Each structure stands twice: as C-alpha cells, then as structure tokens.
Amino acid sequence: MLSRLAALLRKEYLQFFRDRALIYIVLYVFTLEIYMAGTGFNIQVTNYPTAIYDRDNTQISVQLAEKFRHPHFRVTHLIYSDQELETLLNRGTVSLVLVIPHGFARSLAEQNRGEVQAITDGTLSNTALLALGYASLIARDYARELGQTLGRHATATLPAVKLKPRVAFNPNQRSEWFAGLMELFSVITLVAILLPAAAMVREKEYGTIEQLLVTPARPVEIMLAKVLSMASIILVASFLSLFLVIYPVLELPWRGSLTLFLAATALYVFCATGFGMVIATICRNLPQTILFILMIISPILFLSGSWTPLEAMSPGLRLITYLSPLKYYLNIGYNILLKGAGVAIVWPDFLGLASLGSLLFIFCAFRFRQHFG
Amino acid sequence: MLRNRRLYAVVSKEVKEILRDRLYILMAFVVPVLLTIMFGYGLTLDVKNIPFAVFDLNRSSLSREYLDRLGRSQYFTLQDYVTRPAPLEEGLIRGSLRLGLIIPPEFDRRLYLGQESEIQALIDGAFPDRAETIRSYLEFISLEFNRDVLAGGRPPGLIPEPQIAVETRAWFNSTLESKNFIVPGLLAANLFFYPALLASIAVVREKESGSIFNIYCSPIRRWEYVVGKVIPYWVIGIINFILLFLLAIYLFAVPFRGSFVFLTLAAVLYLGVCTSLGLLMSILFKTQVAAMLITTVITLIPAFIYSGFFISVPSMGAEARFMAYILPVTYFMEVVRGVFLKGLGLRQYVLNLLILAGFLAAFVGLSIHKLKKRVG
C-alpha cells in the first residue's frame, strides 16, 4: 500500500509544482494577502470623518468642537449652512456632523445645561453607533472639565459606579492580530476546499480517473494521495505565513504551543479537504464545481463566528454552524495563539473537527465506491 | 455589431453549452439567492447576548440591581455566578464567556457613603471590535445606573456640574438597523465575485480541453470572441441582480428611496466589469485551477473586507484603502447604498459610473490584447 501511495503522492506533487502560476498564487495568499488584511483592516472607529457646524461661535463651543479629534474623529470640514450639511452627508464625504446650536454657551451658563446635535450617516449602522457613543463620552468629559473650571461640582465625590475595564489577551486592542489570523484561517479554508475539489473533478472530466482506477491503486488511496499532498502543501504554507508575516510583521506575541496549533491545522485541512472531496463526488465538471464551492465556502467563511458573533445568531442558524469546520478551527486557533490555551481547553474542538472530518470521508468513500467500484 | 454572425455564433455556442448543463443552470440562479438569504439573516455585526459571569463579593441588593440591569438589556446574558475569580479567566480562554465582572466586597457600603465604587470588567480581546462594543455598552449601562439609582444620594447644597446632552440622530437609517446596510451591501458583494467566478473558466476551459484550436483556425476576430464569451455570463448576472433586488425589497423590506432605472443601469455596467474581470483571469492563466483560485482570492474575501461593506473606507489603514480604490466593488457599493438608503441618483454618482466604465474598458481591452490566436 505504501509504495502505491508514494507513487500517487509523487504524481500529485509533480502536477502541483508544474503549474507555476498556481505556486505564485498560493505564495501570495499566504504572505502578502495576510499582511494586507492584517494591517489594513480596522473595524474600530478611527479618524471618523467629521464636520463641525458651529452656529454658536463662542469660546465654549469652539472648545467643545476641538475635543473632536484623533484617534476617533478627524474634522475635515467646518460648515456654515444646512445645505452644506446635507451635501456632505449625502455624498458620504463626512460621516458625522456635530451641530452646536445658537445660544449653546448661554444656556450652559444660565441653565447649567446645553444641548448639541450629532448627526451620523446611518448607512453603516455599526460604526455609526460606536461614533455616537464616543461623541456622548466626549461631551460628558468636556462638561466635567468645564464644571471644574467654573467651580461647579464634579461627580468624583458623588456615589457612582466606576468601571475598570481590562481587555484580556489583547490589552491594546490591536486589530492586526485578529485580522491577520482570520485572513490566514480564511485562506487555508479556501485553498483546502478549492484545490483538491478542482483537481479531482478535473480528473473526472478528462477521464484520467479511469486511468488511475485501472492501476493497482485503490480508490481510497487515490483520494488519500490528494488529501495528503494538499495537506502538506498547506501546512508548509501556513508555517511560512506564521514565520514570515504574522510573528515578525504583525507582531503577534508568542503564546501557546505551536506544535498543537500545527496539529490542529493538519486536522482542519483534513476536514476541509473532506468538503472538497464531497463536492468532487457530486459535480461532473468544473463550472458546477465553482457553484458548489461558492455555496459551501461562503457560509463557512462568513458565518462561523469570525464576522458574526455566534451568540447573536438565531438559534436555528447557530445549529447549522456545528457543520462548519471553521467554527472549531477558529476557536482552536484563537485560543491557542492569542490566549495560550492548552489541550485541556481545546480538546472538544479537536474532537468536533475529527468527527466532522471522519463523517465526510466515510461519505466520500461510499460515493466513490458507488461511482467506480 | 448586432448583425455580426461570428459574434452571434460564439454567444449561441456558449449559451447552448450552459443550457445543456441542467444542474449548472439551476444552481446559477439558486446559489446567489440562497447566499443572500443566508447572509441576510445570519450576517450581523450586532453584538447581542454576550455571555458573561460574575464574581460578586458583595451580594447586596445594589450589586444585584446592577447585574439585573445588565441581564435585562438584550446585550448581555448572565451565565453564572462564580465563587472564585479563576473560572472567569478560564471561561474567557475557553471562549464560553466574553466578559467577567468582579464586584468588590465593599461595593454597596462605599456607595451608601457617597463614594465611588469600582467594578472590574474583564473583556475578551480576541475580537477587538467586539471588545470595544462590549466596553461601550458597559459604560452606557453604568451611566444609566448612576443616574437612575444613585441620583438620590447627592449631598445637598452643592451646585451640580453642567450637563451637555448630545441629541443623536442617524440619517438614512434612523433605527440603525444593520439589515438596512447589510442587504444592499450583499447585492454589491455577491454580484462582484459571482459573475467573475462564473466567467473565470470560460476561456481557460477551452484551452485545457484543446477546443480553443477551433478558434485559432477560424476567421473570428479576437474582440468578437471576447465579447461573445462575456455576453452570456453578463446576462446571467443581470437576471441575478433582479432576483436579489426583489429579495431585498420584498423579503428583507429594505427601504428603497432611489430610482430603480438608475440602479439597474449602474448594475448592468457593474456586472459587465465583474464578468470581464473573470474573463481576463481566464485568458491570463493556463489552467482552470489557477484561474479559479486567483479569481476567488481577488474577489470573494475582498468583496467583504475592502469594499466598505462593514467599515467605511476613510477609516481604513492606508494599505486597505489602496485595495478599496482599485476594486470595482467599492464604487458600486457606494452607489447601491446611496440609491437604496439616501435616494441619490445619476447626478451624485457620475464619477462612480465613469470609473466603472473605465474598468470595463480596461478589462475588455486587456482581454482582447492578451488573447492569442496561436499556440503557446
């Protein structure tokens, strides 16, 4: 069996490495692409483009407006009319307009209370919500500051609950760790499902699978050769990605066991290629394969807890995520690499991956035998 | 061009090939609909039901009131009371908790004395954006708690500090529903990678199977071949656009404030761009696998992360902003959201359409230029 497998493996490697373009693409996605996503992707509200519409024009209103600055806001326009406000928001040139009404400073002086308006572009509701939150905090802090200079009472000696938040594992909330790792996981998923599926369907389409089947190699061995060759290529590529990009450039701290993570990656690739093989047993040609891959891969990529928090999903949809290998791998990956978790914590996810992968391969072996046995 | 027999021949051959494959033609229309439904319901950035546990050393009515307020909001779900701090950290590492609270023993006593009392909050930082959202929710609920529950305890005879109220308003999406930006966004994202991928093997397939030799020795011109290959997938894309548009309006009830005619016009242009991008990849690469992989890589994930789908382009880092501006999807994303939610039209988006037209000309031109009518 081993010699047959070795021969088949050799064939797979030859086929892969003969396609120069393919090698470059794989190298690109595991290095540059991860760097781009890691450094560029930032979901927090920074430099939110802001316009100030100061109708009060007093020392106090100017002071308040000055508080809207880096890191959360960047004032790009000072405007003087309602019409400008409308055009800027419509065009999306600015996403927030702070309107300070006439009489703001007087109202603060006389009634100890002032009101301003923050108008956001609600088309991106998640960032709009955060930006409005920051605006309220800025106003509160400024009011407190003003109170101190005016000799009015500050809350410090009033009874108050004060929050002392600490962000664990990533105290400075650096998004490049999260984004870089996520891109790595996505890329692994993409390559591990797409390449073996396409390679297998191609053999079917051109009939070369018949040639393989008349050799002494068994169907299982043909399948195994595809999976093993792919898995080893992806493992090496992930290794490169970790040591060329994620640790040195994105400065991910060293936590957790790398061996454990690579073991998880191997298991994950096994599981993901299982999906590829299932697709390959269903499709007859590559156009069909593309459609199937899209249908399977996009939910795996975007609904596994990476973008959408699982706890915010509807219960039915959350149940479906148990079929997604990325859900387990994401847990394992973040838990090991970011939080330094060990086997004691990640074993249930290992178990989940292993059982899902086994199920897929049993199904494939069955289909394969039906087809060609 | 309309009476061009050679062009017509390529189109009709391609259409026949597509129509003959029943499974393919069925899935070509079903897959984008399925994806939109799945994402429309599933893809949300709303942070809700955050599982948290508390180590309450105080166990007073005030601490319970505070926790009640958290639990009653839709944002937090109390999982557990723990009696040691260790399970909090463990839950965070395991991922079963996103937040751990520690309430100190003298919590209520200090408050009754009119002092400040601290609550420690441990937040899972693995997902930085969620951590930030969790923190701002907590701040907000604490503010409310201070105002409602503790306001009575103000020592008399002091002038309170001034208040600045921020009246907040969100234009175009006043209830700030994420559905209203996700679903139109999906329209742009799906229609980016989908036609591109369909077209990505149209030519390379013929190269691999050798049927391209028929083209080499036929009198057909290069532009006729390229345009003939683009048209069928372009049409599939346009039908998909109409399906997805109907889904957005009727199933997801997204407000539509603009002009359908203008949106369709822009979509037709945009779909031409995406289809010809796929076709260009098909011409540039020698194997189907390579063409498929590169097209997936440059369309599927970028359609979501660089296009402005989740994050506005101006707040991105320089590298990502560069990516955003070289991707056609970014320009159409603006148009779709603008037409849907802001009711804008041609006047505001002339530039976007011009840029899309530029992409179309560039992709088709490059395709024609790179297509070789000879071996090698």
# chains A, B, ... in the order shown; residues from 1 in each chain; ligands from 1
call {"tool": "select_by_dssp", "arguments": {"residues": "segment 11-212 of chain A", "states": "strand (DSSP E)", "output": "ChimeraX atom specification"}}
result
/A:48-54,73-78,96-100,113-121,160-168
call {"tool": "write_last_selection", "arguments": {"atoms": "C-alpha atoms", "output": "tab-separated table (two decimals), in the first residue's frame"}}
result
chain	number	residue	atom	x	y	z
A	48	TYR	CA	-14.18	59.10	11.58
A	49	PRO	CA	-14.61	61.90	9.03
A	50	THR	CA	-16.41	64.69	10.83
A	51	ALA	CA	-17.74	68.14	10.06
A	52	ILE	CA	-18.41	70.85	12.62
A	53	TYR	CA	-21.39	73.11	12.20
A	54	ASP	CA	-20.86	75.71	14.89
A	73	PHE	CA	-12.58	61.67	14.88
A	74	ARG	CA	-10.94	63.73	12.21
A	75	VAL	CA	-12.52	67.05	11.44
A	76	THR	CA	-12.33	67.65	7.73
A	77	HIS	CA	-14.88	70.40	7.24
A	78	LEU	CA	-16.16	73.45	9.05
A	96	LEU	CA	-20.74	62.71	11.34
A	97	VAL	CA	-21.77	66.31	11.73
A	98	LEU	CA	-21.66	67.99	15.11
A	99	VAL	CA	-24.20	70.76	15.24
A	100	ILE	CA	-23.75	73.29	18.04
A	113	ARG	CA	-27.35	72.66	30.60
A	114	GLY	CA	-26.57	72.71	26.92
A	115	GLU	CA	-27.62	70.63	24.01
A	116	VAL	CA	-25.77	69.72	20.84
A	117	GLN	CA	-26.72	67.51	17.95
A	118	ALA	CA	-24.69	64.68	16.47
A	119	ILE	CA	-25.94	63.60	13.07
A	120	THR	CA	-24.44	60.48	11.57
A	121	ASP	CA	-24.66	58.75	8.27
A	160	ALA	CA	-21.03	56.41	41.38
A	161	VAL	CA	-20.19	53.09	39.87
A	162	LYS	CA	-16.92	53.36	38.10
A	163	LEU	CA	-15.99	50.80	35.55
A	164	LYS	CA	-12.47	49.46	35.49
A	165	PRO	CA	-12.32	47.57	32.21
A	166	ARG	CA	-9.39	45.39	31.27
A	167	VAL	CA	-9.23	43.82	27.85
A	168	ALA	CA	-7.70	40.40	28.27
call {"tool": "residues_around", "arguments": {"residues": "segment 225-239 of chain A", "least_positions_apart": "4", "cutoff": "9 Å", "atoms": "only C-alpha atoms", "output": "VMD selection string"}}
result
chain A and resid 5 to 13 26 to 27 30 to 31 184 188 191 to 192 195 to 196 199 to 200 220 to 221 243 to 244 262 265 to 267 269 to 270 273 to 274 277
call {"tool": "write_last_selection", "arguments": {"atoms": "N, CA and C atoms", "output": "compact mmCIF listing (two decimals), in the first residue's frame"}}
result
# COMPACT_ATOMS: atom_id res chain seq x y z
N LEU A 5 0.88 4.36 -2.58
CA LEU A 5 0.55 5.70 -2.10
C LEU A 5 1.67 6.67 -2.46
N ALA A 6 2.91 6.21 -2.28
CA ALA A 6 4.06 7.07 -2.58
C ALA A 6 4.05 7.48 -4.05
N ALA A 7 3.74 6.53 -4.91
CA ALA A 7 3.71 6.83 -6.34
C ALA A 7 2.63 7.86 -6.65
N LEU A 8 1.47 7.66 -6.04
CA LEU A 8 0.38 8.60 -6.27
C LEU A 8 0.72 9.99 -5.74
N LEU A 9 1.35 10.01 -4.57
CA LEU A 9 1.74 11.29 -3.98
C LEU A 9 2.69 12.02 -4.91
N ARG A 10 3.63 11.26 -5.46
CA ARG A 10 4.61 11.86 -6.36
C ARG A 10 3.90 12.51 -7.54
N LYS A 11 2.91 11.81 -8.06
CA LYS A 11 2.13 12.35 -9.18
C LYS A 11 1.46 13.66 -8.78
N GLU A 12 0.87 13.69 -7.58
CA GLU A 12 0.16 14.90 -7.16
C GLU A 12 1.13 16.08 -7.02
N TYR A 13 2.28 15.82 -6.38
CA TYR A 13 3.25 16.91 -6.20
C TYR A 13 3.73 17.43 -7.54
N VAL A 26 -0.52 30.70 -4.53
CA VAL A 26 -0.55 30.18 -3.16
C VAL A 26 0.42 30.97 -2.28
N LEU A 27 1.63 31.23 -2.81
CA LEU A 27 2.59 32.02 -2.02
C LEU A 27 2.03 33.40 -1.70
N PHE A 30 -0.68 33.39 1.04
CA PHE A 30 -0.24 33.07 2.40
C PHE A 30 0.70 34.12 2.98
N THR A 31 1.14 35.09 2.16
CA THR A 31 2.05 36.09 2.72
C THR A 31 1.50 37.51 2.56
N LEU A 184 -5.55 34.33 7.64
CA LEU A 184 -4.84 33.05 7.49
C LEU A 184 -5.84 31.90 7.50
N ILE A 188 -6.56 29.38 4.35
CA ILE A 188 -6.41 27.92 4.47
C ILE A 188 -7.69 27.23 4.01
N VAL A 191 -8.11 27.44 0.11
CA VAL A 191 -7.20 26.58 -0.63
C VAL A 191 -7.52 25.11 -0.38
N ALA A 192 -7.83 24.78 0.87
CA ALA A 192 -8.03 23.37 1.22
C ALA A 192 -9.31 22.81 0.61
N LEU A 195 -8.69 23.57 -4.03
CA LEU A 195 -7.69 22.87 -4.84
C LEU A 195 -7.98 21.39 -5.01
N PRO A 196 -8.20 20.62 -3.93
CA PRO A 196 -8.45 19.19 -4.14
C PRO A 196 -9.74 18.93 -4.92
N ALA A 199 -8.98 19.63 -8.54
CA ALA A 199 -8.07 18.63 -9.09
C ALA A 199 -8.81 17.31 -9.36
N MET A 200 -9.68 16.95 -8.44
CA MET A 200 -10.40 15.68 -8.57
C MET A 200 -11.41 15.74 -9.72
N VAL A 220 -9.55 4.47 -2.44
CA VAL A 220 -9.24 5.17 -1.19
C VAL A 220 -7.84 5.78 -1.26
N GLU A 221 -6.94 5.04 -1.88
CA GLU A 221 -5.57 5.55 -1.96
C GLU A 221 -5.49 6.76 -2.87
N PHE A 243 5.77 32.53 10.17
CA PHE A 243 7.12 32.98 10.48
C PHE A 243 7.61 34.13 9.61
N LEU A 244 6.94 34.34 8.47
CA LEU A 244 7.36 35.47 7.64
C LEU A 244 6.49 36.70 7.89
N LEU A 262 -0.19 23.53 14.88
CA LEU A 262 0.04 22.89 13.58
C LEU A 262 -0.71 21.57 13.49
N THR A 265 -4.08 22.49 12.61
CA THR A 265 -4.16 22.88 11.21
C THR A 265 -4.22 21.65 10.31
N ALA A 266 -3.38 20.64 10.65
CA ALA A 266 -3.40 19.41 9.86
C ALA A 266 -4.79 18.79 9.90
N LEU A 267 -5.35 18.71 11.09
CA LEU A 267 -6.68 18.12 11.26
C LEU A 267 -7.72 18.93 10.49
N VAL A 269 -7.23 20.88 7.84
CA VAL A 269 -7.07 20.71 6.40
C VAL A 269 -7.69 19.38 5.96
N PHE A 270 -7.48 18.36 6.78
CA PHE A 270 -8.08 17.05 6.52
C PHE A 270 -9.60 17.20 6.40
N THR A 273 -10.58 19.43 3.26
CA THR A 273 -10.46 18.69 2.01
C THR A 273 -11.59 17.67 1.90
N GLY A 274 -12.08 17.20 3.04
CA GLY A 274 -13.25 16.32 3.03
C GLY A 274 -14.41 16.99 2.31
N MET A 277 -13.73 16.94 -1.31
CA MET A 277 -13.96 15.63 -1.90
C MET A 277 -15.45 15.35 -2.09
call {"tool": "residues_around", "arguments": {"residues": "segment 73-90 of chain B", "least_positions_apart": "4", "cutoff": "9 Å", "atoms": "only C-alpha atoms", "output": "list of chain:residue names"}}
result
A:Ala168, A:Ile345, B:Val47, B:Lys48, B:Asn49, B:Ile50, B:Pro51, B:Phe52, B:Ala53, B:Val54, B:Phe55, B:Asp56, B:Leu57, B:Leu67, B:Asp68, B:Arg69, B:Arg94, B:Gly95, B:Ser96, B:Leu97, B:Leu99, B:Gly100, B:Leu101, B:Ile102, B:Leu122, B:Ile134, B:Tyr137, B:Ile141
call {"tool": "residues_around", "arguments": {"residues": "Arg218 of chain A", "least_positions_apart": "6", "cutoff": "9 Å", "atoms": "only C-alpha atoms", "output": "VMD selection string"}}
result
chain A and resid 1 4 212
call {"tool": "select_by_dssp", "arguments": {"residues": "segment 74-321 of chain A", "states": "helix (DSSP H, G or I)", "output": "short mmCIF file (atom, residue, chain, number, x, y, z; two decimals) with C-alpha atoms, in the first residue's frame"}}
result
data_model
loop_
_atom_site.label_atom_id
_atom_site.label_comp_id
_atom_site.auth_asym_id
_atom_site.auth_seq_id
_atom_site.Cartn_x
_atom_site.Cartn_y
_atom_site.Cartn_z
CA ASP A 82 -27.79 73.42 6.34
CA GLN A 83 -27.29 72.83 2.69
CA GLU A 84 -23.61 72.03 3.11
CA LEU A 85 -24.54 69.61 5.86
CA GLU A 86 -26.88 67.80 3.53
CA THR A 87 -24.46 67.54 0.63
CA LEU A 88 -21.61 66.32 2.79
CA LEU A 89 -23.67 63.58 4.41
CA ASN A 90 -25.30 62.64 1.13
CA ARG A 91 -22.01 62.31 -0.65
CA PHE A 104 -25.35 76.90 23.48
CA ALA A 105 -22.87 78.70 25.71
CA ARG A 106 -25.54 80.98 27.18
CA SER A 107 -27.75 78.05 28.02
CA LEU A 108 -24.81 76.35 29.75
CA ALA A 109 -24.08 79.46 31.76
CA GLU A 110 -27.67 80.22 32.72
CA GLN A 111 -29.37 76.84 32.96
CA SER A 125 -25.02 51.32 11.40
CA ASN A 126 -22.36 49.54 13.42
CA THR A 127 -19.73 52.25 13.10
CA ALA A 128 -22.39 54.95 13.42
CA LEU A 129 -23.41 53.52 16.80
CA LEU A 130 -19.85 53.49 18.08
CA ALA A 131 -19.22 57.01 16.82
CA LEU A 132 -22.33 58.34 18.55
CA GLY A 133 -21.15 56.64 21.73
CA TYR A 134 -17.78 58.38 21.52
CA ALA A 135 -19.47 61.70 20.84
CA SER A 136 -21.53 61.34 24.03
CA LEU A 137 -18.44 60.47 26.05
CA ILE A 138 -16.58 63.49 24.70
CA ALA A 139 -19.48 65.76 25.64
CA ARG A 140 -19.63 64.29 29.14
CA ASP A 141 -15.91 64.69 29.70
CA TYR A 142 -15.98 68.24 28.44
CA ALA A 143 -18.88 69.09 30.73
CA ARG A 144 -16.92 67.72 33.65
CA GLU A 145 -13.86 69.74 32.70
CA LEU A 146 -15.98 72.83 32.37
CA GLY A 147 -17.54 72.16 35.77
CA GLN A 148 -14.13 72.10 37.39
CA THR A 149 -13.07 75.42 35.91
CA LEU A 150 -16.36 77.01 36.90
CA THR A 155 -19.10 63.69 40.15
CA ALA A 156 -15.94 62.36 41.75
CA THR A 157 -17.36 62.66 45.24
CA SER A 175 -6.80 44.58 15.38
CA GLU A 176 -3.97 43.29 13.19
CA TRP A 177 -3.65 40.13 15.32
CA PHE A 178 -7.27 39.32 14.92
CA ALA A 179 -7.44 40.32 11.27
CA GLY A 180 -4.17 38.63 10.28
CA LEU A 181 -5.09 35.33 11.90
CA MET A 182 -8.55 35.48 10.47
CA GLU A 183 -7.19 36.01 6.99
CA LEU A 184 -4.84 33.05 7.49
CA PHE A 185 -7.74 30.83 8.54
CA SER A 186 -9.83 32.02 5.60
CA VAL A 187 -7.05 31.42 3.13
CA ILE A 188 -6.41 27.92 4.47
CA THR A 189 -10.12 27.17 4.10
CA LEU A 190 -10.23 28.49 0.58
CA VAL A 191 -7.20 26.58 -0.63
CA ALA A 192 -8.03 23.37 1.22
CA ILE A 193 -11.52 23.11 -0.25
CA LEU A 194 -10.93 24.51 -3.70
CA LEU A 195 -7.69 22.87 -4.84
CA PRO A 196 -8.45 19.19 -4.14
CA ALA A 197 -12.02 19.54 -5.37
CA ALA A 198 -10.90 21.12 -8.62
CA ALA A 199 -8.07 18.63 -9.09
CA MET A 200 -10.40 15.68 -8.57
CA VAL A 201 -13.19 16.96 -10.81
CA ARG A 202 -10.64 17.65 -13.50
CA GLU A 203 -9.54 14.01 -13.42
CA LYS A 204 -13.17 13.01 -13.78
CA GLU A 205 -13.80 15.43 -16.61
CA TYR A 206 -10.83 14.32 -18.65
CA THR A 208 -7.79 10.39 -16.26
CA ILE A 209 -9.52 8.99 -13.21
CA GLU A 210 -10.27 5.89 -15.27
CA GLN A 211 -6.55 5.54 -15.93
CA LEU A 212 -5.86 5.73 -12.23
CA LEU A 213 -8.54 3.19 -11.45
CA PRO A 219 -9.93 4.36 -4.83
CA VAL A 220 -9.24 5.17 -1.19
CA GLU A 221 -5.57 5.55 -1.96
CA ILE A 222 -6.28 7.90 -4.84
CA MET A 223 -8.34 10.03 -2.51
CA LEU A 224 -5.78 9.83 0.27
CA ALA A 225 -2.99 10.93 -2.05
CA LYS A 226 -4.93 14.06 -2.98
CA VAL A 227 -5.66 14.87 0.65
CA LEU A 228 -2.15 14.23 1.93
CA SER A 229 -0.39 16.19 -0.80
CA MET A 230 -2.69 19.14 -0.29
CA ALA A 231 -2.43 18.99 3.49
CA SER A 232 1.37 19.00 3.39
CA ILE A 233 1.49 21.93 0.98
CA ILE A 234 -0.91 23.94 3.11
CA LEU A 235 0.98 23.12 6.30
CA VAL A 236 4.24 24.37 4.82
CA ALA A 237 2.50 27.49 3.53
CA SER A 238 0.94 28.19 6.94
CA PHE A 239 4.31 27.77 8.53
CA LEU A 240 5.76 30.35 6.13
CA SER A 241 2.88 32.67 6.83
CA LEU A 242 3.38 32.45 10.59
CA PHE A 243 7.12 32.98 10.48
CA LEU A 244 7.36 35.47 7.64
CA VAL A 245 4.33 37.62 8.33
CA ILE A 246 2.28 37.01 11.43
CA LEU A 258 2.89 25.98 18.03
CA THR A 259 3.01 22.20 17.70
CA LEU A 260 -0.52 21.97 18.98
CA PHE A 261 -1.61 24.64 16.52
CA LEU A 262 0.04 22.89 13.58
CA ALA A 263 -1.59 19.63 14.64
CA ALA A 264 -4.93 21.43 14.63
CA THR A 265 -4.16 22.88 11.21
CA ALA A 266 -3.40 19.41 9.86
CA LEU A 267 -6.68 18.12 11.26
CA TYR A 268 -8.53 21.12 9.87
CA VAL A 269 -7.07 20.71 6.40
CA PHE A 270 -8.08 17.05 6.52
CA CYS A 271 -11.61 18.11 7.38
CA ALA A 272 -11.81 20.89 4.80
CA THR A 273 -10.46 18.69 2.01
CA GLY A 274 -13.25 16.32 3.03
CA PHE A 275 -15.68 19.02 1.90
CA GLY A 276 -13.72 19.36 -1.31
CA MET A 277 -13.96 15.63 -1.90
CA VAL A 278 -17.69 15.58 -1.25
CA ILE A 279 -18.09 18.34 -3.84
CA ALA A 280 -15.92 16.34 -6.22
CA THR A 281 -18.11 13.28 -5.93
CA ILE A 282 -21.22 15.33 -6.78
CA LEU A 286 -15.61 22.48 -13.18
CA PRO A 287 -18.37 25.06 -13.79
CA GLN A 288 -20.63 23.07 -11.49
CA THR A 289 -17.79 22.77 -9.02
CA ILE A 290 -17.40 26.54 -8.82
CA LEU A 291 -21.05 26.97 -7.92
CA PHE A 292 -20.93 24.24 -5.29
CA ILE A 293 -17.76 25.63 -3.78
CA LEU A 294 -19.29 29.10 -3.54
CA MET A 295 -22.38 27.71 -1.88
CA ILE A 296 -20.35 25.85 0.72
CA ILE A 297 -17.38 28.11 1.22
CA SER A 298 -19.05 31.48 1.73
CA PRO A 299 -21.17 30.43 4.70
CA ILE A 300 -18.17 28.62 6.16
CA LEU A 301 -16.05 31.76 5.84
CA PHE A 302 -18.52 34.36 7.00
CA LEU A 310 -22.32 33.20 17.25
CA GLU A 311 -24.30 34.28 20.28
CA ALA A 312 -26.03 36.97 18.20
CA PRO A 315 -30.79 29.50 17.29
CA GLY A 316 -31.53 27.66 14.05
CA LEU A 317 -28.61 29.22 12.24
CA ARG A 318 -26.36 28.61 15.22
CA LEU A 319 -27.19 24.92 14.99
CA ILE A 320 -26.03 24.88 11.36
CA THR A 321 -22.66 26.32 12.36
#
call {"tool": "residues_around", "arguments": {"residues": "Ile182 of chain B", "least_positions_apart": "2", "cutoff": "8 Å", "atoms": "only C-alpha atoms", "output": "PyMOL selection string"}}
result
chain B and resi 40+43-44+178-180+184-186+309
call {"tool": "write_last_selection", "arguments": {"atoms": "C-alpha atoms", "output": "CSV table (one decimal), in the first residue's frame"}}
result
chain,number,residue,atom,x,y,z
B,40,GLY,CA,-29.2,38.5,5.2
B,43,LEU,CA,-24.5,38.1,8.8
B,44,THR,CA,-24.8,40.7,11.5
B,178,SER,CA,-27.8,46.6,10.4
B,179,LYS,CA,-30.1,44.8,8.0
B,180,ASN,CA,-30.6,48.0,6.0
B,184,PRO,CA,-27.8,46.3,-0.1
B,185,GLY,CA,-24.2,45.6,0.6
B,186,LEU,CA,-24.7,41.9,-0.2
B,309,PHE,CA,-19.2,46.5,3.4
call {"tool": "residues_around", "arguments": {"residues": "Val364 of chain B", "least_positions_apart": "5", "cutoff": "12 Å", "atoms": "only C-alpha atoms", "output": "PyMOL selection string"}}
result
chain B and resi 222-231+272-281+283+357-359+369-371
call {"tool": "atom_distance", "arguments": {"atom1": "atom CA of Leu351 of chain A", "atom2": "atom CA of Gly256 of chain A"}}
result
19.0 Å
call {"tool": "atom_distance", "arguments": {"atom1": "atom CA of Val336 of chain B", "atom2": "atom CA of Arg257 of chain B"}}
result
10.9 Å
call {"tool": "atom_distance", "arguments": {"atom1": "atom CA of Ser315 of chain B", "atom2": "atom CA of Phe256 of chain B"}}
result
26.5 Å
call {"tool": "closest_residue", "arguments": {"among": "A:Gly92, A:Gly122, A:Gly333, A:Gly342", "to": "chain B", "atoms": "only C-alpha atoms"}}
result
A:Gly122
call {"tool": "closest_residue", "arguments": {"among": "A:Phe169, A:Ser355, A:Gly40, A:Ser257", "to": "Phe322 of chain B", "atoms": "only C-alpha atoms"}}
result
A:Gly40
